[in-house]
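*Asks:* Pasting data_36.csv here (CSV, C-alpha atoms):
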chain,number,residue,atom,x,y,z
A,1,MET,CA,2.9,-136.9,-49.6
A,2,ASN,CA,0.6,-139.7,-48.4
A,3,ASN,CA,-3.0,-138.6,-47.7
A,4,GLU,CA,-6.1,-140.4,-46.8
A,5,LYS,CA,-8.5,-138.2,-48.8
A,6,LYS,CA,-9.8,-139.5,-52.1
A,7,GLU,CA,-7.6,-138.2,-55.0
A,8,ILE,CA,-9.2,-135.6,-57.4
A,9,ALA,CA,-7.8,-135.7,-60.9
A,10,TRP,CA,-6.8,-132.5,-62.7
A,11,ASN,CA,-6.3,-132.7,-66.5
A,12,PRO,CA,-5.6,-129.1,-67.7
A,13,TRP,CA,-5.1,-130.4,-71.2
A,14,HIS,CA,-5.9,-133.5,-73.2
A,15,GLY,CA,-4.2,-135.2,-76.1
A,16,CYS,CA,-0.5,-136.2,-76.6
A,17,THR,CA,2.1,-137.2,-79.1
A,18,LYS,CA,3.6,-140.7,-79.0
A,19,ILE,CA,7.3,-140.7,-78.5
A,20,SER,CA,8.4,-144.2,-77.5
A,21,GLU,CA,7.5,-147.9,-77.3
A,22,GLY,CA,5.6,-147.3,-74.1
A,23,CYS,CA,3.2,-145.0,-76.0
A,24,ARG,CA,2.3,-147.6,-78.7
A,25,ASN,CA,-1.0,-148.7,-77.2
A,26,CYS,CA,-1.7,-145.5,-75.2
A,27,TYR,CA,-4.9,-145.7,-73.1
A,28,VAL,CA,-5.7,-142.0,-73.9
A,29,TYR,CA,-5.9,-142.9,-77.6
A,30,ARG,CA,-7.9,-146.0,-76.8
A,31,GLN,CA,-10.4,-144.2,-74.6
A,32,ASP,CA,-10.9,-141.4,-77.1
A,33,GLU,CA,-11.7,-144.0,-79.8
A,34,MET,CA,-14.0,-145.8,-77.4
A,35,TYR,CA,-16.0,-142.6,-76.7
A,36,GLY,CA,-16.0,-141.5,-80.3
A,37,SER,CA,-13.9,-138.3,-79.8
A,38,ALA,CA,-14.2,-136.1,-82.9
A,39,ILE,CA,-10.7,-134.6,-82.3
A,40,SER,CA,-7.6,-136.6,-82.9
A,41,SER,CA,-5.9,-137.9,-79.7
A,42,ASN,CA,-2.5,-136.4,-80.8
A,43,ILE,CA,-3.9,-132.9,-80.9
A,44,CYS,CA,-3.4,-131.2,-77.5
A,45,ARG,CA,-6.2,-128.9,-76.3
A,46,LYS,CA,-7.1,-127.2,-73.1
A,47,THR,CA,-9.9,-128.7,-71.1
A,48,ALA,CA,-12.9,-127.1,-69.3
A,49,ASP,CA,-11.1,-128.1,-66.0
A,50,PHE,CA,-8.0,-126.0,-66.8
A,51,ASN,CA,-8.4,-123.9,-63.7
A,52,LEU,CA,-9.8,-126.6,-61.5
A,53,PRO,CA,-7.4,-126.1,-58.5
A,54,ILE,CA,-8.5,-122.5,-58.0
A,55,LYS,CA,-12.2,-122.9,-58.8
A,56,LYS,CA,-14.4,-121.6,-55.9
A,57,LYS,CA,-17.8,-122.2,-54.5
A,58,ARG,CA,-20.4,-119.5,-54.1
A,59,ASN,CA,-19.2,-118.9,-50.5
A,60,GLY,CA,-15.6,-118.2,-51.8
A,61,ASP,CA,-14.1,-121.5,-50.6
A,62,TYR,CA,-12.1,-123.6,-53.0
A,63,LYS,CA,-14.0,-126.4,-54.6
A,64,ILE,CA,-11.0,-128.7,-53.9
A,65,GLU,CA,-10.5,-128.8,-50.2
A,66,SER,CA,-7.2,-128.4,-48.5
A,67,LYS,CA,-4.8,-131.4,-48.3
A,68,GLN,CA,-6.2,-133.1,-51.3
A,69,VAL,CA,-3.9,-135.2,-53.5
A,70,ILE,CA,-4.3,-134.2,-57.1
A,71,PRO,CA,-3.1,-136.5,-59.9
A,72,THR,CA,-2.2,-134.1,-62.7
A,73,CYS,CA,-2.3,-134.3,-66.5
A,74,PHE,CA,-3.0,-138.1,-66.8
A,75,THR,CA,-4.6,-137.7,-70.2
A,76,SER,CA,-1.4,-136.1,-71.6
A,77,ASP,CA,2.1,-135.3,-70.5
A,78,PHE,CA,2.7,-132.2,-68.3
A,79,PHE,CA,6.0,-131.6,-70.2
A,80,LEU,CA,4.4,-131.9,-73.6
A,81,ASN,CA,5.9,-129.2,-75.9
A,82,ASP,CA,2.4,-128.5,-77.4
A,83,ALA,CA,1.3,-127.2,-73.9
A,84,ASP,CA,4.2,-124.8,-73.4
A,85,LEU,CA,2.0,-121.8,-73.6
A,86,TRP,CA,-0.3,-123.0,-70.8
A,87,ARG,CA,2.1,-124.5,-68.3
A,88,ASP,CA,3.2,-121.3,-66.6
A,89,ASP,CA,-0.5,-120.7,-65.6
A,90,CYS,CA,-0.6,-124.2,-64.2
A,91,TRP,CA,2.5,-123.7,-62.1
A,92,LYS,CA,0.9,-120.5,-60.7
A,93,MET,CA,-2.2,-122.5,-59.7
A,94,ILE,CA,0.0,-125.2,-58.1
A,95,LYS,CA,1.9,-122.6,-56.1
A,96,GLN,CA,-1.3,-120.9,-55.1
A,97,ARG,CA,-2.6,-124.2,-53.8
A,98,GLN,CA,0.4,-125.1,-51.6
A,99,ASP,CA,-2.2,-126.7,-49.2
A,100,CYS,CA,-2.7,-129.5,-51.8
A,101,TYR,CA,-0.3,-132.1,-53.2
A,102,PHE,CA,0.2,-132.5,-57.0
A,103,TYR,CA,1.9,-135.3,-58.8
A,104,PHE,CA,2.4,-136.1,-62.5
A,105,PHE,CA,4.3,-138.7,-64.6
A,106,THR,CA,6.3,-137.9,-67.7
A,107,LYS,CA,8.2,-139.5,-70.5
A,108,ARG,CA,9.7,-136.2,-71.3
A,109,ILE,CA,12.1,-135.6,-68.4
A,110,ASP,CA,14.6,-134.4,-70.9
A,111,ARG,CA,12.5,-131.2,-71.2
A,112,PHE,CA,12.6,-130.6,-67.4
A,113,TYR,CA,14.6,-127.4,-67.5
A,114,GLN,CA,12.5,-125.9,-70.3
A,115,CYS,CA,9.3,-126.6,-68.3
A,116,ILE,CA,9.9,-125.5,-64.7
A,117,PRO,CA,8.9,-122.1,-63.3
A,118,ASP,CA,11.5,-119.4,-62.6
A,119,ASP,CA,11.2,-119.9,-58.8
A,120,TRP,CA,11.5,-123.7,-58.8
A,121,GLN,CA,15.0,-123.7,-57.2
A,122,ASP,CA,15.2,-127.3,-55.7
A,123,GLY,CA,11.6,-128.1,-56.3
A,124,TYR,CA,8.1,-127.2,-54.9
A,125,GLU,CA,7.3,-128.9,-51.6
A,126,ASN,CA,3.8,-129.9,-52.9
A,127,VAL,CA,4.9,-131.5,-56.2
A,128,ALA,CA,6.0,-135.1,-56.9
A,129,ILE,CA,7.3,-136.1,-60.3
A,130,GLY,CA,7.3,-139.6,-61.7
A,131,CYS,CA,9.6,-140.6,-64.5
A,132,THR,CA,8.1,-143.3,-66.7
A,133,VAL,CA,10.3,-146.1,-68.2
A,134,GLU,CA,9.1,-149.0,-70.2
A,135,ASN,CA,12.3,-150.8,-71.1
A,136,GLN,CA,16.0,-150.7,-70.4
A,137,GLN,CA,16.7,-148.2,-73.2
A,138,ALA,CA,14.2,-145.8,-71.7
A,139,ALA,CA,15.6,-146.3,-68.2
A,140,ASP,CA,19.2,-145.7,-69.3
A,141,TYR,CA,18.3,-142.5,-71.1
A,142,ARG,CA,15.7,-140.9,-68.8
A,143,LEU,CA,16.8,-141.8,-65.3
A,144,PRO,CA,20.2,-140.2,-65.3
A,145,ILE,CA,18.5,-136.9,-66.3
A,146,PHE,CA,15.8,-137.5,-63.6
A,147,LEU,CA,18.3,-138.1,-60.8
A,148,GLN,CA,20.2,-135.0,-61.6
A,149,ALA,CA,17.1,-132.7,-61.8
A,150,PRO,CA,16.2,-130.7,-58.7
A,151,ILE,CA,13.0,-132.4,-57.5
A,152,LYS,CA,11.8,-132.8,-54.0
A,153,TYR,CA,9.8,-136.1,-54.5
A,154,ARG,CA,10.8,-138.6,-57.2
A,155,LEU,CA,9.0,-141.7,-58.3
A,156,ILE,CA,10.0,-144.2,-61.0
A,157,ILE,CA,7.1,-145.6,-62.9
A,158,ALA,CA,8.0,-148.8,-64.8
A,159,ALA,CA,4.8,-149.0,-66.9
A,160,PRO,CA,3.8,-150.4,-69.2
A,161,ILE,CA,6.8,-152.7,-68.4
A,162,LEU,CA,7.8,-154.4,-71.7
A,163,GLU,CA,10.9,-156.3,-70.6
A,164,GLN,CA,13.1,-157.0,-67.6
A,165,ILE,CA,14.6,-153.8,-66.4
A,166,ASP,CA,17.7,-153.4,-64.2
A,167,LEU,CA,17.2,-150.2,-62.1
A,168,THR,CA,19.9,-151.0,-59.6
A,169,LYS,CA,22.3,-148.1,-60.4
A,170,TYR,CA,19.4,-145.6,-60.3
A,171,LEU,CA,18.0,-146.6,-56.9
A,172,SER,CA,19.1,-144.3,-54.2
A,173,SER,CA,17.8,-142.1,-51.4
A,174,LYS,CA,16.7,-139.7,-54.1
A,175,ILE,CA,13.9,-142.1,-55.2
A,176,GLN,CA,10.9,-142.2,-52.9
A,177,GLU,CA,9.0,-145.1,-54.6
A,178,VAL,CA,9.0,-147.4,-57.6
A,179,SER,CA,5.7,-148.5,-59.1
A,180,VAL,CA,5.4,-151.2,-61.7
A,181,GLY,CA,2.5,-152.3,-64.0
A,182,GLY,CA,1.6,-154.1,-67.2
A,183,GLU,CA,-0.1,-152.8,-70.3
A,184,SER,CA,-3.9,-152.6,-70.6
A,185,GLY,CA,-6.1,-152.8,-73.7
A,186,GLY,CA,-6.9,-155.4,-76.4
A,187,LYS,CA,-3.4,-155.1,-78.0
A,188,ALA,CA,-1.5,-155.3,-74.7
A,189,ARG,CA,2.0,-156.7,-74.8
A,190,ILE,CA,2.9,-159.5,-72.3
A,191,CYS,CA,3.8,-158.6,-68.8
A,192,TYR,CA,5.8,-161.4,-66.9
A,193,TYR,CA,5.3,-161.6,-63.2
A,194,ASP,CA,9.0,-162.4,-62.9
A,195,TRP,CA,9.8,-158.9,-64.2
A,196,ILE,CA,7.7,-157.5,-61.4
A,197,LEU,CA,9.4,-159.6,-58.7
A,198,ASN,CA,12.8,-158.7,-60.1
A,199,ILE,CA,12.2,-155.0,-59.6
A,200,ARG,CA,10.7,-155.6,-56.2
A,201,SER,CA,13.9,-157.4,-55.2
A,202,GLN,CA,16.0,-154.5,-56.4
A,203,CYS,CA,13.9,-152.1,-54.3
A,204,ILE,CA,14.0,-154.2,-51.2
A,205,LYS,CA,17.8,-154.4,-51.4
A,206,GLN,CA,18.0,-150.6,-51.5
A,207,ASN,CA,15.2,-150.1,-49.0
A,208,ILE,CA,13.0,-148.2,-51.4
A,209,ALA,CA,9.2,-148.4,-51.5
A,210,PHE,CA,7.7,-150.6,-54.2
A,211,THR,CA,4.2,-150.9,-55.5
A,212,PHE,CA,2.7,-153.4,-58.0
A,213,HIS,CA,-0.1,-151.3,-59.3
A,214,GLN,CA,-1.5,-153.2,-62.3
A,215,THR,CA,-1.1,-156.6,-63.9
A,216,GLY,CA,-2.0,-155.5,-67.4
A,217,ALA,CA,-4.3,-157.4,-69.7
A,218,ASN,CA,-1.8,-159.9,-71.0
A,219,PHE,CA,-0.2,-161.4,-67.9
A,220,VAL,CA,2.1,-164.4,-67.4
A,221,LYS,CA,2.7,-165.9,-63.9
A,222,ASP,CA,4.4,-169.3,-63.1
A,223,GLY,CA,4.2,-170.3,-66.8
A,224,LYS,CA,0.5,-169.7,-67.0
A,225,HIS,CA,-1.0,-167.0,-69.3
A,226,TYR,CA,-3.9,-164.9,-68.1
A,227,ASN,CA,-6.2,-162.5,-70.0
A,228,ILE,CA,-7.3,-160.0,-67.3
A,229,ARG,CA,-10.1,-157.6,-67.9
A,230,ARG,CA,-9.4,-153.9,-67.2
A,231,CYS,CA,-11.6,-153.8,-64.2
A,232,TYR,CA,-9.6,-156.5,-62.4
A,233,GLN,CA,-6.1,-155.5,-63.3
A,234,LYS,CA,-5.5,-153.3,-60.2
A,235,GLN,CA,-7.4,-155.6,-58.0
A,236,GLN,CA,-5.3,-158.6,-59.0
A,237,ALA,CA,-2.1,-156.6,-58.4
A,238,ARG,CA,-3.2,-155.8,-54.9
A,239,LYS,CA,-4.1,-159.4,-54.3
A,240,ALA,CA,-0.5,-160.4,-55.0
A,241,ASN,CA,0.3,-158.6,-51.8
A,242,ILE,CA,3.9,-157.8,-52.7
A,243,ASP,CA,4.0,-154.1,-52.1
A,244,PHE,CA,7.0,-153.0,-49.9
A,245,GLN,CA,7.4,-150.1,-47.5
A,246,PRO,CA,10.8,-149.3,-46.0
A,247,LYS,CA,11.3,-149.8,-42.3
Take the structure in the file and give it back as structure tokens.

*Replies:*
Amino acid sequence: MNNEKKEIAWNPWHGCTKISEGCRNCYVYRQDEMYGSAISSNICRKTADFNLPIKKKRNGDYKIESKQVIPTCFTSDFFLNDADLWRDDCWKMIKQRQDCYFYFFTKRIDRFYQCIPDDWQDGYENVAIGCTVENQQAADYRLPIFLQAPIKYRLIIAAPILEQIDLTKYLSSKIQEVSVGGESGGKARICYYDWILNIRSQCIKQNIAFTFHQTGANFVKDGKHYNIRRCYQKQQARKANIDFQPK
């Protein structure tokens, strides 16, 4: 599902309910507060971009061109129960745009079978799902469910990583990539570089792609503590140059 075109985000709904430690300092809540949102962040509501994938230009062409990569529902959770009434329409749009690639991350993989369309079978070819885990407890609960679910493209997202996590027994050919990152924001919990390197080693041993996508704001490397501004967190992760691609 790699594509050189710039990604176009699609957030069909906004707002989410916190369910785990990884949600404590959620960036959605923080951004809503920053921009003075009049509606509580834990109230889910449809957005004006609900039908973005099928919007058309005056000439009848889709506004989103073919072969675009579309990050989906990044200001909520695609499996959020409050969005159950709207999700079927989203699946129809995703199926209609089989010429594009959609991916979303979820902390609610235990709702998988309640949230997939009737014709899902072993998964849509144009959909990748990332299961988010922030600590060992979350990994041990969510990943066995994730691995058993019929999904074409699976990613493990260890973010915000809050402790050292052993993913060894969950890394197999069913996993296409593991991505790891620290927590952002003024209340960010510490991310230790050693945790990142440990997961990287696990991935290399299993020949699975690894990405270090974000340092987080509160970062410790080689015994030194760094407060990293939001605008530099992805950049500093890239500078580490530790991403791994299978041969």

*Asks:* Looking at only C-alpha atoms, which of A:Ile116, A:Ile208, A:Ile54, A:Cys23 is the one that sits closest to A:Thr132?

*Replies:*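 Of all the options, A:Cys23 lies closest to A:Thr132.
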
*Asks:* Please tabulate, as CSV, the residues of stretch 72-182 of chain A that come within 12 Å of stretch 34-43 of chain A, each with its closest pair of atoms and the distance in Å to one decimal, counting all atoms listed in the file and ordering rows by chain, then residue number upward.

*Replies:*
residue,atom,partner,partner_atom,distance
A:Thr75,CA,A:Ser41,CA,9.6
A:Ser76,CA,A:Asn42,CA,9.3
A:Asp77,CA,A:Asn42,CA,11.3
A:Leu80,CA,A:Asn42,CA,10.9
A:Asn81,CA,A:Ile43,CA,11.6
A:Asp82,CA,A:Ile43,CA,8.4
A:Ala83,CA,A:Ile43,CA,10.4

*Asks:* Between A:Ile94, A:Cys44, A:Ile109, A:Cys191, which is the closest to A:Ile145 once you count all atoms listed in the file?

*Replies:*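 Closest to A:Ile145, using all atoms listed in the file: A:Ile109.
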
*Asks:* Between atom CA of A:Asn51 and atom CA of A:Lys95, what is the distance, to one decimal in Å?

*Replies:*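 Going from atom CA of A:Asn51 over to atom CA of A:Lys95, I get 12.9 Å.
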
*Asks:* Using all atoms listed in the file, determine which residues lie at most 12 Å from A:Ala139, disregarding the query and same-chain residues fewer than 5 positions distant; provide the list as a VMD selection string.

*Replies:* chain A and resid 20 22 107 109 131 to 134 144 to 147 156 to 159 161 to 171

*Asks:* For a quick check of understanding, using only C-alpha atoms, which of A:Ser173, A:Thr106, A:Asn207, A:Gln236 has the smallest distance to A:Tyr153?

*Replies:*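 Once distances to A:Tyr153 are computed over only C-alpha atoms, the minimum belongs to A:Ser173.
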
*Asks:* Tell me, in Å to one decimal, how far atom CA of A:Lys247 is from atom CA of A:Ile204.

*Replies:*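 Computing the Euclidean distance for atom CA of A:Lys247 and atom CA of A:Ile204 yields 10.3 Å.
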
*Asks:* May I have the protein, DNA and RNA residues with any atom at most 7 Å from the point (-5.6, -131.8, -71.1), counting only C-alpha atoms, written as a list in words?

*Replies:* Asn11, Pro12, Trp13, His14, Gly15, Cys44, Arg45, Lys46, Thr47, Cys73, Thr75 and Ser76 of chain A

*Asks:* Residues of the last selection are to be written out with C-alpha atoms, as a PDB file, in the coordinates of the input.

*Replies:*
ATOM      1  CA  ASN A  11      -6.300-132.700 -66.500  1.00  0.00           C
ATOM      2  CA  PRO A  12      -5.600-129.100 -67.700  1.00  0.00           C
ATOM      3  CA  TRP A  13      -5.100-130.400 -71.200  1.00  0.00           C
ATOM      4  CA  HIS A  14      -5.900-133.500 -73.200  1.00  0.00           C
ATOM      5  CA  GLY A  15      -4.200-135.200 -76.100  1.00  0.00           C
ATOM      6  CA  CYS A  44      -3.400-131.200 -77.500  1.00  0.00           C
ATOM      7  CA  ARG A  45      -6.200-128.900 -76.300  1.00  0.00           C
ATOM      8  CA  LYS A  46      -7.100-127.200 -73.100  1.00  0.00           C
ATOM      9  CA  THR A  47      -9.900-128.700 -71.100  1.00  0.00           C
ATOM     10  CA  CYS A  73      -2.300-134.300 -66.500  1.00  0.00           C
ATOM     11  CA  THR A  75      -4.600-137.700 -70.200  1.00  0.00           C
ATOM     12  CA  SER A  76      -1.400-136.100 -71.600  1.00  0.00           C
TER      13      SER A  76
END
